[in-house]
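K.L.:
Next comes the structure file my_file_26.pdb, holding PDB, C-alpha atoms.
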ATOM      1  CA  MET A   1      72.403  56.494 132.742
ATOM      2  CA  THR A   2      70.625  58.575 135.380
ATOM      3  CA  LYS A   3      67.729  57.326 137.507
ATOM      4  CA  TRP A   4      65.440  59.666 135.553
ATOM      5  CA  LEU A   5      66.411  58.159 132.189
ATOM      6  CA  TRP A   6      65.955  54.643 133.569
ATOM      7  CA  PHE A   7      62.504  55.633 134.839
ATOM      8  CA  GLN A   8      61.687  57.131 131.445
ATOM      9  CA  LEU A   9      62.875  54.092 129.509
ATOM     10  CA  ILE A  10      61.197  51.490 131.724
ATOM     11  CA  SER A  11      57.973  53.451 132.208
ATOM     12  CA  PHE A  12      57.515  53.757 128.450
ATOM     13  CA  GLN A  13      57.826  49.985 128.080
ATOM     14  CA  VAL A  14      55.248  49.498 130.859
ATOM     15  CA  MET A  15      52.872  51.981 129.218
ATOM     16  CA  TRP A  16      53.348  50.452 125.756
ATOM     17  CA  LEU A  17      52.723  46.924 126.997
ATOM     18  CA  SER A  18      49.739  47.850 129.174
ATOM     19  CA  LEU A  19      48.078  49.793 126.345
ATOM     20  CA  ILE A  20      48.814  47.156 123.700
ATOM     21  CA  LEU A  21      47.518  44.339 125.915
ATOM     22  CA  GLY A  22      44.733  46.231 127.687
ATOM     23  CA  GLY A  23      43.769  49.103 125.389
ATOM     24  CA  ASN A  24      41.297  51.561 126.907
ATOM     25  CA  THR A  25      40.816  49.279 129.926
ATOM     26  CA  TRP A  26      44.408  49.739 131.104
ATOM     27  CA  LEU A  27      44.535  53.449 130.286
ATOM     28  CA  PRO A  28      44.628  54.399 134.019
ATOM     29  CA  VAL A  29      48.069  52.736 134.293
ATOM     30  CA  THR A  30      49.421  55.030 131.585
ATOM     31  CA  LEU A  31      47.694  58.096 133.003
ATOM     32  CA  ALA A  32      49.302  57.435 136.397
ATOM     33  CA  ILE A  33      52.752  57.007 134.847
ATOM     34  CA  LEU A  34      52.337  60.137 132.710
ATOM     35  CA  ALA A  35      51.367  62.062 135.842
ATOM     36  CA  MET A  36      54.510  60.750 137.553
ATOM     37  CA  HIS A  37      56.498  61.841 134.517
ATOM     38  CA  PHE A  38      55.315  65.416 134.943
ATOM     39  CA  VAL A  39      56.008  65.362 138.683
ATOM     40  CA  PHE A  40      59.617  64.184 138.257
ATOM     41  CA  THR A  41      60.728  65.452 134.842
ATOM     42  CA  PRO A  42      63.603  67.917 134.862
ATOM     43  CA  SER A  43      61.968  69.694 131.895
ATOM     44  CA  ARG A  44      58.241  70.043 132.649
ATOM     45  CA  PHE A  45      57.705  73.136 130.483
ATOM     46  CA  GLU A  46      59.558  71.734 127.456
ATOM     47  CA  ASP A  47      57.805  68.366 127.815
ATOM     48  CA  SER A  48      54.444  70.139 127.858
ATOM     49  CA  LYS A  49      55.304  72.026 124.668
ATOM     50  CA  VAL A  50      56.190  68.909 122.653
ATOM     51  CA  LEU A  51      53.025  67.013 123.605
ATOM     52  CA  ILE A  52      51.272  68.618 120.624
ATOM     53  CA  LEU A  53      53.330  66.271 118.425
ATOM     54  CA  ALA A  54      51.367  63.349 119.882
ATOM     55  CA  LEU A  55      48.293  64.643 118.046
ATOM     56  CA  GLY A  56      50.124  64.248 114.741
ATOM     57  CA  GLY A  57      50.909  60.593 115.406
ATOM     58  CA  PHE A  58      47.374  59.999 116.654
ATOM     59  CA  ILE A  59      45.922  61.586 113.507
ATOM     60  CA  ILE A  60      48.160  59.397 111.334
ATOM     61  CA  ASP A  61      46.916  56.270 113.124
ATOM     62  CA  LEU A  62      43.277  57.388 112.957
ATOM     63  CA  SER A  63      43.717  58.101 109.241
ATOM     64  CA  MET A  64      45.083  54.593 108.761
ATOM     65  CA  MET A  65      41.992  53.330 110.577
ATOM     66  CA  GLN A  66      39.615  55.430 108.467
ATOM     67  CA  LEU A  67      41.341  54.247 105.284
ATOM     68  CA  GLY A  68      40.820  50.633 106.323
ATOM     69  CA  PHE A  69      44.419  49.679 107.109
ATOM     70  CA  PHE A  70      43.931  49.437 110.898
ATOM     71  CA  SER A  71      40.996  48.008 112.784
ATOM     72  CA  PHE A  72      40.477  48.008 116.551
ATOM     73  CA  SER A  73      37.962  46.189 118.736
ATOM     74  CA  ALA A  74      36.965  49.508 120.363
ATOM     75  CA  TRP A  75      37.591  53.181 119.631
ATOM     76  CA  PRO A  76      41.339  53.481 120.468
ATOM     77  CA  VAL A  77      41.465  56.401 122.894
ATOM     78  CA  TRP A  78      44.562  54.696 124.301
ATOM     79  CA  LEU A  79      46.471  55.489 121.081
ATOM     80  CA  LEU A  80      46.585  59.194 121.928
ATOM     81  CA  PHE A  81      48.217  58.443 125.266
ATOM     82  CA  LEU A  82      50.619  55.954 123.708
ATOM     83  CA  TRP A  83      51.695  58.688 121.324
ATOM     84  CA  ALA A  84      52.061  61.125 124.232
ATOM     85  CA  ALA A  85      54.302  58.655 126.063
ATOM     86  CA  PHE A  86      56.348  58.086 122.913
ATOM     87  CA  ILE A  87      56.781  61.789 122.145
ATOM     88  CA  LEU A  88      57.930  62.476 125.700
ATOM     89  CA  ASN A  89      60.693  59.894 125.238
ATOM     90  CA  LEU A  90      62.219  61.873 122.377
ATOM     91  CA  GLY A  91      63.586  64.489 124.732
ATOM     92  CA  HIS A  92      64.816  62.003 127.314
ATOM     93  CA  SER A  93      65.625  58.297 126.862
ATOM     94  CA  MET A  94      65.490  58.531 123.048
ATOM     95  CA  ARG A  95      67.555  61.705 122.862
ATOM     96  CA  PHE A  96      70.307  59.655 121.189
ATOM     97  CA  LEU A  97      68.256  59.791 117.956
ATOM     98  CA  ARG A  98      69.358  63.412 117.570
ATOM     99  CA  LYS A  99      72.877  62.198 116.739
ATOM    100  CA  PHE A 100      71.819  59.997 113.815
ATOM    101  CA  LYS A 101      72.501  61.157 110.278
ATOM    102  CA  TRP A 102      69.227  61.619 108.398
ATOM    103  CA  ILE A 103      69.572  58.463 106.287
ATOM    104  CA  TYR A 104      70.144  56.363 109.404
ATOM    105  CA  LEU A 105      67.331  58.063 111.281
ATOM    106  CA  ILE A 106      64.921  57.423 108.403
ATOM    107  CA  SER A 107      65.975  53.756 108.229
ATOM    108  CA  PHE A 108      65.848  53.294 112.001
ATOM    109  CA  SER A 109      62.432  54.968 112.113
ATOM    110  CA  ALA A 110      60.972  52.831 109.339
ATOM    111  CA  LEU A 111      62.253  49.588 110.877
ATOM    112  CA  GLY A 112      61.307  50.586 114.419
ATOM    113  CA  GLY A 113      57.824  51.613 113.368
ATOM    114  CA  VAL A 114      57.274  48.355 111.489
ATOM    115  CA  TYR A 115      58.497  46.352 114.459
ATOM    116  CA  ALA A 116      56.232  48.194 116.922
ATOM    117  CA  TYR A 117      53.129  47.822 114.744
ATOM    118  CA  TRP A 118      53.965  44.204 113.867
ATOM    119  CA  ALA A 119      54.314  43.417 117.598
ATOM    120  CA  SER A 120      51.024  45.230 118.294
ATOM    121  CA  TRP A 121      49.348  43.166 115.590
ATOM    122  CA  LYS A 122      50.818  39.898 116.917
ATOM    123  CA  LEU A 123      49.644  40.806 120.439
ATOM    124  CA  GLY A 124      46.114  41.470 119.164
ATOM    125  CA  ALA A 125      45.949  45.247 119.689
ATOM    126  CA  VAL A 126      45.289  45.964 116.017
ATOM    127  CA  VAL A 127      44.042  44.098 112.966
ATOM    128  CA  PHE A 128      45.387  44.763 109.471
ATOM    129  CA  PRO A 129      42.335  44.318 107.186
ATOM    130  CA  GLN A 130      44.440  44.997 104.063
ATOM    131  CA  GLY A 131      47.044  42.417 105.083
ATOM    132  CA  SER A 132      50.299  42.751 106.942
ATOM    133  CA  LEU A 133      52.617  43.263 103.958
ATOM    134  CA  VAL A 134      50.716  46.226 102.504
ATOM    135  CA  THR A 135      49.975  47.768 105.892
ATOM    136  CA  LEU A 136      53.494  47.429 107.273
ATOM    137  CA  THR A 137      54.943  48.840 104.051
ATOM    138  CA  ILE A 138      52.795  51.937 104.536
ATOM    139  CA  VAL A 139      53.793  52.065 108.206
ATOM    140  CA  ALA A 140      57.483  51.952 107.196
ATOM    141  CA  ILE A 141      57.010  54.884 104.824
ATOM    142  CA  LEU A 142      55.005  56.924 107.334
ATOM    143  CA  TRP A 143      57.407  56.267 110.196
ATOM    144  CA  GLY A 144      60.403  56.939 107.961
ATOM    145  CA  ILE A 145      58.975  60.419 107.490
ATOM    146  CA  TRP A 146      57.140  61.138 110.760
ATOM    147  CA  LEU A 147      59.725  60.113 113.367
ATOM    148  CA  PRO A 148      62.597  62.135 111.844
ATOM    149  CA  MET A 149      60.224  65.114 111.668
ATOM    150  CA  CYS A 150      59.314  64.589 115.335
ATOM    151  CA  VAL A 151      62.978  64.406 116.343
ATOM    152  CA  LYS A 152      63.692  67.697 114.565
ATOM    153  CA  LEU A 153      60.545  69.370 115.930
ATOM    154  CA  ASP A 154      61.346  68.114 119.426
ATOM    155  CA  ILE A 155      64.741  69.811 119.210
ATOM    156  CA  LEU A 156      63.234  73.068 117.943
ATOM    157  CA  MET A 157      60.378  73.115 120.442
ATOM    158  CA  ARG A 158      62.639  72.388 123.404
ATOM    159  CA  GLN A 159      65.042  75.208 122.614
ATOM    160  CA  LYS A 160      64.909  77.896 125.237
ATOM    161  CA  SER A 161      63.561  81.201 123.987
ATOM    162  CA  HIS A 162      66.082  84.010 124.130
ATOM    163  CA  GLY A 163      65.294  87.524 125.105
TER
END
Output the file's structure as structure tokens, nothing else.

P.N.:
Amino acid sequence: MTKWLWFQLISFQVMWLSLILGGNTWLPVTLAILAMHFVFTPSRFEDSKVLILALGGFIIDLSMMQLGFFSFSAWPVWLLFLWAAFILNLGHSMRFLRKFKWIYLISFSALGGVYAYWASWKLGAVVFPQGSLVTLTIVAILWGIWLPMCVKLDILMRQKSHG
């Protein structure tokens, strides 16, 4: 694994943990790491193009909040930047997802999404007013759809234009 991929992998974990534990308060940590990402990335233009996908994930989470499945102690601006960090990983340290057959990608996505939201709940970043079973079931369905879509869109958006 290259130094860049190690940076990508480790920096995402740092951003995830700082945002989950510190929310909006620790947002400057993530902003600094995202800035470093764009200084050192070998694919600045392609990374910039796929950032729009972060809005989709953010809208899904805000919809879950508006529907009463998620509750936060403060307006979660940090979620947008967590989604940005996650989406940027798809073209780098999580590029391996491109090789999964669809059924495995859907399963991996559903389980990974549930694990991430369960961990966020256990660490106090989010409350599940409708209960964990119902909420995490919905998360599994949403992630089983959204992450495979993001992987495919990431591939399409990163393709170099010809001509």

K.L.:
Between A:Leu88, A:Leu156, A:Ala110, A:Leu123, which is the closest to Ser43 (chain A) once you count all atoms listed in the file?

P.N.:
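Nearest to Ser43 (chain A): A:Leu88.
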
K.L.:
Kindly extract all protein, DNA and RNA residues lying within 10 Å of the coordinates (49.6, 58.0, 117.9) given in the file, considering all atoms listed in the file, and supply them as an MDAnalysis selection string.

P.N.:
chainID A and resid 53:62 76:87

K.L.:
Could you write out that same residue set with C-alpha atoms as a PDB file, keeping the file's coordinate frame?

P.N.:
ATOM      1  CA  LEU A  53      53.330  66.271 118.425  1.00  0.00           C
ATOM      2  CA  ALA A  54      51.367  63.349 119.882  1.00  0.00           C
ATOM      3  CA  LEU A  55      48.293  64.643 118.046  1.00  0.00           C
ATOM      4  CA  GLY A  56      50.124  64.248 114.741  1.00  0.00           C
ATOM      5  CA  GLY A  57      50.909  60.593 115.406  1.00  0.00           C
ATOM      6  CA  PHE A  58      47.374  59.999 116.654  1.00  0.00           C
ATOM      7  CA  ILE A  59      45.922  61.586 113.507  1.00  0.00           C
ATOM      8  CA  ILE A  60      48.160  59.397 111.334  1.00  0.00           C
ATOM      9  CA  ASP A  61      46.916  56.270 113.124  1.00  0.00           C
ATOM     10  CA  LEU A  62      43.277  57.388 112.957  1.00  0.00           C
ATOM     11  CA  PRO A  76      41.339  53.481 120.468  1.00  0.00           C
ATOM     12  CA  VAL A  77      41.465  56.401 122.894  1.00  0.00           C
ATOM     13  CA  TRP A  78      44.562  54.696 124.301  1.00  0.00           C
ATOM     14  CA  LEU A  79      46.471  55.489 121.081  1.00  0.00           C
ATOM     15  CA  LEU A  80      46.585  59.194 121.928  1.00  0.00           C
ATOM     16  CA  PHE A  81      48.217  58.443 125.266  1.00  0.00           C
ATOM     17  CA  LEU A  82      50.619  55.954 123.708  1.00  0.00           C
ATOM     18  CA  TRP A  83      51.695  58.688 121.324  1.00  0.00           C
ATOM     19  CA  ALA A  84      52.061  61.125 124.232  1.00  0.00           C
ATOM     20  CA  ALA A  85      54.302  58.655 126.063  1.00  0.00           C
ATOM     21  CA  PHE A  86      56.348  58.086 122.913  1.00  0.00           C
ATOM     22  CA  ILE A  87      56.781  61.789 122.145  1.00  0.00           C
TER      23      ILE A  87
END

K.L.:
Output the residue selection produced by the PyMOL selection byres ((chain A and resi 111) around 10) on the file above, formatted as a compact mmCIF listing (two decimals) with C-alpha atoms, in the frame of the given file.

P.N.:
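Okay, out.txt is ready:
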# COMPACT_ATOMS: atom_id res chain seq x y z
CA LEU A 105 67.33 58.06 111.28
CA ILE A 106 64.92 57.42 108.40
CA SER A 107 65.97 53.76 108.23
CA PHE A 108 65.85 53.29 112.00
CA SER A 109 62.43 54.97 112.11
CA ALA A 110 60.97 52.83 109.34
CA GLY A 112 61.31 50.59 114.42
CA GLY A 113 57.82 51.61 113.37
CA VAL A 114 57.27 48.36 111.49
CA TYR A 115 58.50 46.35 114.46
CA ALA A 116 56.23 48.19 116.92
CA LEU A 136 53.49 47.43 107.27
CA VAL A 139 53.79 52.06 108.21
CA ALA A 140 57.48 51.95 107.20
CA ILE A 141 57.01 54.88 104.82
CA TRP A 143 57.41 56.27 110.20
CA GLY A 144 60.40 56.94 107.96

K.L.:
Measuring between all atoms listed in the file, which one of A:Val39, A:Ile20, A:Ile52, A:Ile33 shows the shortest distance to Ala125 (chain A)?

P.N.:
A:Ile20

K.L.:
Can you work out which one of A:Gly91, A:Ile155, A:Ser48, A:Val14 has the shortest atom-to-atom distance to Trp26 (chain A), counting only C-alpha atoms?

P.N.:
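Going through A:Gly91, A:Ile155, A:Ser48, A:Val14 one by one, the smallest distance to Trp26 (chain A) is for A:Val14.
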
K.L.:
Expand the PyMOL selection byres ((chain A and resi 29) around 9) into the individual residues it matches in the shown file, reporting them as number ranges by chain.

P.N.:
A: 14-15, 18-19, 26-28, 30-34

K.L.:
Here is a test: counting only C-alpha atoms, which residue of A:Asn24, A:Ser11, A:Met36, A:Lys152 is nearest to Arg95 (chain A)?

P.N.:
A:Lys152

K.L.:
Which one of A:Trp75, A:Leu51, A:Leu9, A:Tyr104 sits closest to Pro148 (chain A) if you count all atoms listed in the file?

P.N.:
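That would be A:Tyr104, the residue with the smallest distance to Pro148 (chain A).
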
K.L.:
Record the distance separating CA of Leu142 (chain A) and CA of Arg158 (chain A), expressed in Å with one decimal.

P.N.:
23.6 Å

K.L.:
Let me make sure I understand: among A:Phe40, A:Ser93, A:Met1, A:Thr25, which one has the smallest atom-to-atom distance to Gln13 (chain A) if we use all atoms listed in the file?

P.N.:
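Of A:Phe40, A:Ser93, A:Met1, A:Thr25, the one nearest Gln13 (chain A) is A:Ser93, counting all atoms listed in the file.
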
K.L.:
Measure the distance from CA of Met64 (chain A) to CA of Val134 (chain A) in Å and round it to one decimal.

P.N.:
11.9 Å

K.L.:
So how many Å separate CA of Ala74 (chain A) and CA of Gly23 (chain A), to one decimal?

P.N.:
8.5 Å

K.L.:
Run the PyMOL selection byres ((chain A and resi 129) around 10) against the file shown and list the residues it catches, as a list in words.

P.N.:
Met65, Gly68, Phe69, Phe70, Ser71, Val126, Val127, Phe128, Gln130, Gly131, Ser132, Val134 and Thr135 of chain A

K.L.:
Would you put the residues from that selection into a file with C-alpha atoms, as a JSON list (two decimals), in the frame of the given file?

P.N.:
[["chain", "number", "residue", "atom", "x", "y", "z"],
["A", 65, "MET", "CA", 41.99, 53.33, 110.58],
["A", 68, "GLY", "CA", 40.82, 50.63, 106.32],
["A", 69, "PHE", "CA", 44.42, 49.68, 107.11],
["A", 70, "PHE", "CA", 43.93, 49.44, 110.90],
["A", 71, "SER", "CA", 41.00, 48.01, 112.78],
["A", 126, "VAL", "CA", 45.29, 45.96, 116.02],
["A", 127, "VAL", "CA", 44.04, 44.10, 112.97],
["A", 128, "PHE", "CA", 45.39, 44.76, 109.47],
["A", 130, "GLN", "CA", 44.44, 45.00, 104.06],
["A", 131, "GLY", "CA", 47.04, 42.42, 105.08],
["A", 132, "SER", "CA", 50.30, 42.75, 106.94],
["A", 134, "VAL", "CA", 50.72, 46.23, 102.50],
["A", 135, "THR", "CA", 49.98, 47.77, 105.89]]

K.L.:
Using all atoms listed in the file, determine which residues lie at most 8 Å from Val151 (chain A), disregarding the query and same-chain residues fewer than 4 positions distant; provide the list as a list in words.

P.N.:
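The residues satisfying every condition are Leu90, Leu97, Arg98, Leu147 and Ile155 of chain A.
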